[in-house]
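First up is the structure itself, then whatever we jot down about it.
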Amino acid sequence: MDTFLGRYRNLLVLAAILFAQIIGLALQVRRPSDAGETRLIRLWAVSAVTPIESAVIHSQEWVANLWTTYIYLHGVRRENRELRAEIGQMKIEEARLSEDARMARRIQSLLAFKEQYIDSTIAAQVIGTSGSEQSRVLYIDKGSNDGITVDMAVITPSGIVGKIAQVFPDSAQVLPINDQFSGVGAALKDSRLQGILKGAPNGATTLQYIMSDEKVVPGEEVVTSGGDRIFPKGLPVGRVVSSEPGKDLFLNIRVIPSARLDQLEEVLVVTKITEKMPDAKDLGPLRASDILAERLPTVPNKTEVDAAGNAKPAGGAASATTPAATGTGTTAGTAAHPATPGTGTKPNVGGTIPNRPAGTVAAPHPTQAGAAGETNGTVKPKAITPATDRPSGTAAKPLNNAAPAATTQPGESAAQDNGDSPPAKKQVKPAPDSAPNAPSAQPAPPPAGAPPQP
Amino acid sequence: MSTRVMPFRGSLTSREQVSVYEFSWAAIIVIPLVAVLIQIFIPVKVRFLPIVDLPFMVTIFFATARRNPISGCLTGCAIGLMQDLFAGPSHPLGMYGIALTIIGYLASSLGVKIDVDNPGSRFLITFAFFGVHQGVYYGVAHGLLRQGLQWSWSHTAISALANAVLGIFVYKFLDRFKQR
């Protein structure tokens, strides 16, 4: 026996060590409930190494900053000029995009869409990697002490990076999107086809589960779909490099990530995502007709001059600023826009003068209109003319604080707009009875066929 | 500080006696630690470094220098487990441990037979053992854990070549820590 042990001692030791490790592997695989937890030995190891890595990284950053910020400034002025020019271009672009975004928010609020917003982020520095090709995890210098938790999204301005896989007190482990165990809900930006972006052992990323009969063009952008409940919808993911039929019924779509995953230095951890309705408070009253009116030709100045001459100095002018009220003549034509708040008038909530002909701006005088409304009682919220009886171009333009009963529903006004509006040029022409000396702010008498006013 | 000379036991090289080196405890502890630290730190700045496997080289260096299969096993096991610690949540502890245990055993067993102090043999050993290392890792991942790893001969060959070339310089540097 001793001879046997002595002769095969090396092999026996090797077998014993291997056996112990295989048992350890089996124990780890057998307990899937531990997948989300952090093993104590890993916690110790990472906690021991993280301060060293952080110190090395930050000292290197300090030296690099000292060099680039104070010593090596070659070409900075030229770069500054170029950047200023670029900022100018981007401001122009931003103005256009913000207008589109406001439009989109209004439409979303009309349709009661909920959107996910990134509320807060934490900037973190990448301080380490797994050090192996088979695993592409990263380590960042922020951990549970900074409010990081598992499954938070990690992004850069250019695109998503991954999600938090494990959290330690002062560091966290990021599972990037090109890791073979990663999966992200993604969609093609133009065709809106949805799939799952998965990593591969060689670091490539592929968009999977898109049927092979779909057409996917190389170069198409890929964005997050929001389906994984980790990444907010619409964040850039990457760009399609190639698309070819796969083994199954699905396409094999290779995607190159937008973020440079192999050269990451700083990342943002999304710590809070809120789901809320688009904020359209500052966008003014919302009606479908307003949105449509903005897209159509504006009013000639002549109309405003006539209206101003019609003893409507401030309120009238103000009322003519909104697209629908300017008599763009588009859909609703003239709108009974009330006086601006703060002028002492009582809001003329949705008051529509029924028999006002097309093209008249029904903005009453700031002071007299309210009085007229109060005394005569001719303009009241309930006095909205039915759509069928209302003359064209007299759509009600409610105030922000208008009573709900008096506001026109988008669908209604849109239906009316589609049905009754005459061409725009006919509507912008002022009617004869809106002469300057006419009893201003006094609503015109109802037409013969109109229902009696209360 | 000690050097032992192993008796001739049918060496495959021209030398009839091969030296057995020993190391200080500080070197035994610090060198693998630094290798693992560099391995997890440098890829942040140098994108191609993951194909270079410093802990693997250190395992071969210690195993061939000490020429003791048992210490080779233990050294490989320790370095591999240390590498496993940083390899991500989907990477169970023991995958690199098993691979480097086998490499440590084989390298030290081979070190008994051949002279592993010249650059040519070091290049060949590193090149060959890198393939073995990748094969064992793939076998463990695929056979024991059912992980869908993809094997690429070309990538393995390129990585083995890179490690073999770099290994010559790394071993030369680590020779300073040998105690004679």
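Each chain in the structure tokens gets a letter, A, B and so on, in the order shown; residues start at 1 in every chain, and ligands are counted from 1 in the order they appear.
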Subject >> Close residues, region 30-34 of chain B itself excluded, 8 Å, only C-alpha atoms, min 5 positions apart in chain, as a PyMOL selection string >> reply: chain B and resi 55+58+79
**OP:** Do a neighbour search on Lys247 (chain A) at 12 Å with only C-alpha atoms, toss out local chain neighbours closer than 3 positions, and write the hits as a list in words.
**Re:** Gln208, Tyr209, Met211, Ser212, Glu244, Phe250, Leu251 and Asn252 of chain A
**OP:** Determine which residues of chain B DSSP labels as alpha helix (DSSP H) from the backbone of this structure, then write them out as a VMD selection string.
**Re:** chain B and resid 25 to 41 54 to 66 69 to 85 95 to 113 119 to 139 153 to 174
**OP:** Determine which residues of chain B sit within 9 Å of chain A, taking into account only C-alpha atoms, and present them as a ChimeraX atom specification.
**Re:** /B:36-53,68-70,73-74,77,82-95,97-98,101-102,105,144-145,148-150
**OP:** Report as a PyMOL selection string: the residues of chain B with a DSSP assignment of strand (DSSP E), based on the backbone of this structure.
**Re:** chain B and resi 3-6+18-21
Original post:
If we count only C-alpha atoms, what is near Ser152 (chain B) at a cut-off of 12 Å, once residues fewer than 6 positions away on the same chain are taken out, given as a VMD selection string?
Top reply: (chain A and resid 201 to 202) or (chain B and resid 131 134 to 135 138 158 to 159)
Original post:
Do you know which residues are at most 8 Å from region 155-163 of chain A counting only C-alpha atoms, after dropping those on the same chain fewer than 3 positions away, and could you put them as a VMD selection string?
Top reply: chain A and resid 150 to 152 174 to 177 182 230 235 to 238 257 to 259 261 266 to 270
Selection export as a PDB file, in the first residue's frame, atoms kept: C-alpha atoms:
```pdb
ATOM      1  CA  VAL A 150     -28.295  44.838  -8.938  1.00  0.00           C
ATOM      2  CA  ASP A 151     -29.921  45.142 -12.374  1.00  0.00           C
ATOM      3  CA  MET A 152     -29.396  48.868 -12.752  1.00  0.00           C
ATOM      4  CA  VAL A 174     -21.104  45.245 -14.785  1.00  0.00           C
ATOM      5  CA  LEU A 175     -22.293  42.603 -17.217  1.00  0.00           C
ATOM      6  CA  PRO A 176     -21.781  44.247 -20.612  1.00  0.00           C
ATOM      7  CA  ILE A 177     -24.065  43.607 -23.539  1.00  0.00           C
ATOM      8  CA  SER A 182     -26.167  39.047 -21.409  1.00  0.00           C
ATOM      9  CA  ILE A 230     -33.942  47.470 -17.169  1.00  0.00           C
ATOM     10  CA  LEU A 235     -31.600  54.341 -25.895  1.00  0.00           C
ATOM     11  CA  PRO A 236     -29.078  53.716 -28.662  1.00  0.00           C
ATOM     12  CA  VAL A 237     -27.722  50.191 -28.700  1.00  0.00           C
ATOM     13  CA  GLY A 238     -25.810  49.878 -31.930  1.00  0.00           C
ATOM     14  CA  PRO A 257     -22.487  48.408 -30.242  1.00  0.00           C
ATOM     15  CA  SER A 258     -22.683  52.197 -30.182  1.00  0.00           C
ATOM     16  CA  ALA A 259     -20.640  52.391 -27.009  1.00  0.00           C
ATOM     17  CA  LEU A 261     -17.171  48.528 -24.912  1.00  0.00           C
ATOM     18  CA  GLU A 266     -16.399  56.399 -17.490  1.00  0.00           C
ATOM     19  CA  VAL A 267     -19.967  55.161 -17.433  1.00  0.00           C
ATOM     20  CA  LEU A 268     -23.286  56.298 -16.025  1.00  0.00           C
ATOM     21  CA  VAL A 269     -25.328  54.056 -13.787  1.00  0.00           C
ATOM     22  CA  VAL A 270     -29.044  54.761 -14.065  1.00  0.00           C
TER      23      VAL A 270
END
```
Original post:
Which is closest to Val216 (chain A) among A:His74, A:Lys198, A:Arg254, A:Lys233, if we use only C-alpha atoms?
Top reply: A:Arg254
Original post:
Ile28 (chain B): which residues within 12 Å, counting only C-alpha atoms, same-chain residues fewer than 6 positions away excluded, as a list in words?
Top reply: Glu22, Val34, Ala35, Val58, Thr59, Phe61, Phe62, Ala63, Ala65, Arg66, Ser71, Gly72, Leu74, Thr75, Gly76, Ala78, Ile79, Leu174, Phe177, Lys178 and Gln179 of chain B
Original post:
Rounded to one decimal in Å, what is the spacing between CA of Pro232 (chain A) and CA of Thr149 (chain A)?
Top reply: 16.6 Å
**OP:** Have a look at CA of Gly203 (chain A) and CA of Phe127 (chain B) and let me know their distance in Å, one decimal.
**Re:**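 That distance, rounded to one decimal, is 23.4 Å.
Straight-line separation from CA of Thr126 (chain B) to CA of Ala162 (chain B): 9.8 Å.
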